[in-house]
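Colleague: Questions regarding the structure given below will be posed in turn.
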Amino acid sequence: MSEIYEYVLLSAVLAWLFSRLAGLFAAPRAAALAGAVLGGLAMLGQFLAPGLAGFSALFSPVSLGIALIAAADLARPFGLRTRRWPAAELLALLALYVAYVYASVGEAAPDPYALGYAGAGPAVVALALAGWAWWRRDMVLALAVVGAQIGWLAGVGSENFLDHLASALLVPAALIGLARRLRGR
């Protein structure tokens with residue numbers, strides 16, 4: 001069950017990344033469709049070719065929060081109304097995530113990754129993100145926080161709540177988003 005869960009989340013996030021790359025050059029609907037097809041093919045490839053299944057291990061654990069944001073962004077060209085992230089917020093998010101990863105690998109103290117296992121840490125992070133979602137009036141971010149909580153409490157995927165919120169795939173997505181903003185897309 002956990003493997004299928006990871007494959008589906010990875011497929012959604014890869015579809016999003018492919019669509020964001022295509023969106024640098026193509027119209028939004030065409031980019032979203034191309035991304036969905038490529039993401040679906042990536043998931044199918046993992047089932048058909050056992051050697052490709054190791055590909056998902058590179059990005060594991062895949063974040064449910066990022067997958068929900070990805071799915072909403074893929075649906076935007078087809079009429080889903082969501083709030084776009086301004087370039088300044090993308091930069092702040094990228095800087096915060098890179099600092100978080102830097103500190104989590106032991107290069108700085110304290111280790112923020114340890115907050116995600118139990119105690120007040122997950123609740124504080126969830127409430128802070130929920131407050132940010134409320135301030136932004138961003139229902140997708142709020143759903144990502146709730147979805148991450150549900151995935152974490154259900155025990156699927158990682159035992160760390162922070163893994164359900166964000167993953168390394170956030171970095172290329174934010175960088176591509178910034179490049180698209182610079183191009184006016």
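To be explicit about the labels: the chains of the structure tokens are called A, B, and onward in the order shown, and within each one the residues are counted from 1, while ligands get numbers from 1 in the order they are shown.
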Pull the closest atom pair for each residue of region 4-114 of chain A that gets at most 6 Å from region 153-167 of chain A, along with the distance in Å to one decimal, counting only C-alpha atoms, ordering rows by chain and then ascending residue number, as a tab-separated table.

Modeller:
```
residue	atom	partner	partner_atom	distance
A:Ser63	CA	A:His164	CA	4.4
A:Leu64	CA	A:His164	CA	5.2
A:Gly65	CA	A:Leu165	CA	4.6
A:Ile66	CA	A:Ala166	CA	5.9
```

Colleague: I'd like the neighbourhood of Ala15 (chain A) as an MDAnalysis selection string, where a residue qualifies if any of its atoms comes within 8 Å (using only C-alpha atoms), though same-chain residues fewer than 4 positions away should be ignored.

Modeller: chainID A and resid 11 19 32 34:40

Colleague: Rounded to one decimal, what separation in Å do you get between CA of Ala42 (chain A) and CA of Leu14 (chain A)?

Modeller: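 Atom-to-atom, CA of Ala42 (chain A) and CA of Leu14 (chain A) are spaced 7.8 Å apart.
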
Colleague: If we count only C-alpha atoms and set the cut-off at 8 Å, which residues sit around region 24-26 of chain A, ignoring sequence neighbours fewer than 5 positions away in its own chain? Please answer as an MDAnalysis selection string.

Modeller: chainID A and resid 31 179:180 183 185

Colleague: For Leu80 (chain A), which residue out of A:Ala118, A:Val105, A:Val140, A:Ala95 is the nearest one, using only C-alpha atoms?

Modeller: A:Val140

Colleague: Write out as number ranges by chain each polymer residue whose atoms come within 7 Å of region 84-88 of chain A, counting only C-alpha atoms; drop sequence neighbours fewer than 3 positions from it.

Modeller: A: 91-92, 178, 181
